[in-house]
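The block underneath contains the structure these notes are about, expressed in structure tokens.
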Amino acid sequence: MERIKDKGAKSEIRIIFNGADTSIYSPLSESEKIEIRNKYSLPLEKKIAVYFGFFNFGMNDVDTLATAIEKTAEKKDALHYLFIGDGVKRKEFEEKISGRVNYTFLQVQVGFFYLFHLLQEVFLYLPIL
């Protein structure tokens with residue numbers, strides 16, 4: 001946090017911790033990480049950045065997301081994006097980032113329980129991959 005202040009942050013910095021129940025979720029073994037990456041065709045050697053949400057107008061500003069992602073193009077060899085979701089602006093979003101960054105889309109058009117399972121398997125585990 002001090003590094004952020006040293007860089008000139010002009011407002012108060014607060015850390016909001018999003019915890020996980022460690023009796024349910026725990027770090028995966030290396031073989032489990034590889035299994036999940038293979039299941040979803042994710043590269044083994046790159047860091048994974050995850051976006052989960054709708055690609056529509058309104059609350060999820062996918063134009064800003066695309067602009068931010070384009071700024072990471074120089075890290076293309078080390079970073080892979082995983083997008084989970086769909087919406088009317090998905091095609092436009094994908095056109096903006098196509099060829100600039102590496103990414104995988106998991107299109108979800110099913111019920112809540114499938115989404116919950118997918119989140120458990122992919123979204124909650126990937127940050128520790």
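Ordering of the structure tokens sets the chain letters (A, B, ...); residue numbers start at 1 within each chain; ligands are numbered from 1 in the order shown.
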
(request) Please provide as a ChimeraX atom specification all residues within 6 Å of A:Tyr103, with the sequence filter that same-chain residues fewer than 3 positions apart are discarded (counting only C-alpha atoms). (result) /A:80-82

(request) Write out as a list in words the residues lying within 8 Å of A:Ala66, counting only C-alpha atoms and excluding same-chain residues fewer than 5 positions away. (result)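 So the residues in contact are Phe93, Lys96 and Ile97 of chain A.
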
Write the selection just made, keeping N, CA and C atoms, as a compact mmCIF listing (two decimals), in the first residue's frame?
```
# COMPACT_ATOMS: atom_id res chain seq x y z
N PHE A 93 -16.87 -6.22 -28.36
CA PHE A 93 -15.76 -6.31 -27.42
C PHE A 93 -14.65 -7.19 -27.99
N LYS A 96 -12.54 -5.60 -30.64
CA LYS A 96 -11.58 -4.62 -30.13
C LYS A 96 -10.30 -5.26 -29.63
N ILE A 97 -10.40 -6.46 -29.05
CA ILE A 97 -9.21 -7.07 -28.44
C ILE A 97 -8.58 -8.15 -29.30
```

(message) Give me, as a PyMOL selection string, the residues of stretch 32-119 of chain A that a backbone DSSP run labels helix (DSSP H, G or I).
(response) chain A and resi 32-39+62-70+73-75+90-97+112-119

(request) Figure out the distance between atom CA of A:Pro27 and atom CA of A:Leu44, please, to one decimal in Å. (result)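 Atom-to-atom, atom CA of A:Leu44 and atom CA of A:Pro27 are spaced 16.5 Å apart.
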
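The space between atom CA of A:Leu42 and atom CA of A:Asn102 spans 10.0 Å.
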
(message) Residues near A:Gly87, anyone? I mean within 9 Å using only C-alpha atoms, not counting same-chain ones fewer than 2 positions away, as a list in words.
(response)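 Final neighbour list, sorted by chain and number: Gly53, Phe54, Phe55, Asn56, Phe57, Gly85, Lys89, Arg90 and Lys91 of chain A.
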
(message) What's the separation between atom CA of A:Thr104 and atom CA of A:Tyr25, in Å to one decimal place?
(response)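 Computing the Euclidean distance for atom CA of A:Thr104 and atom CA of A:Tyr25 yields 24.2 Å.
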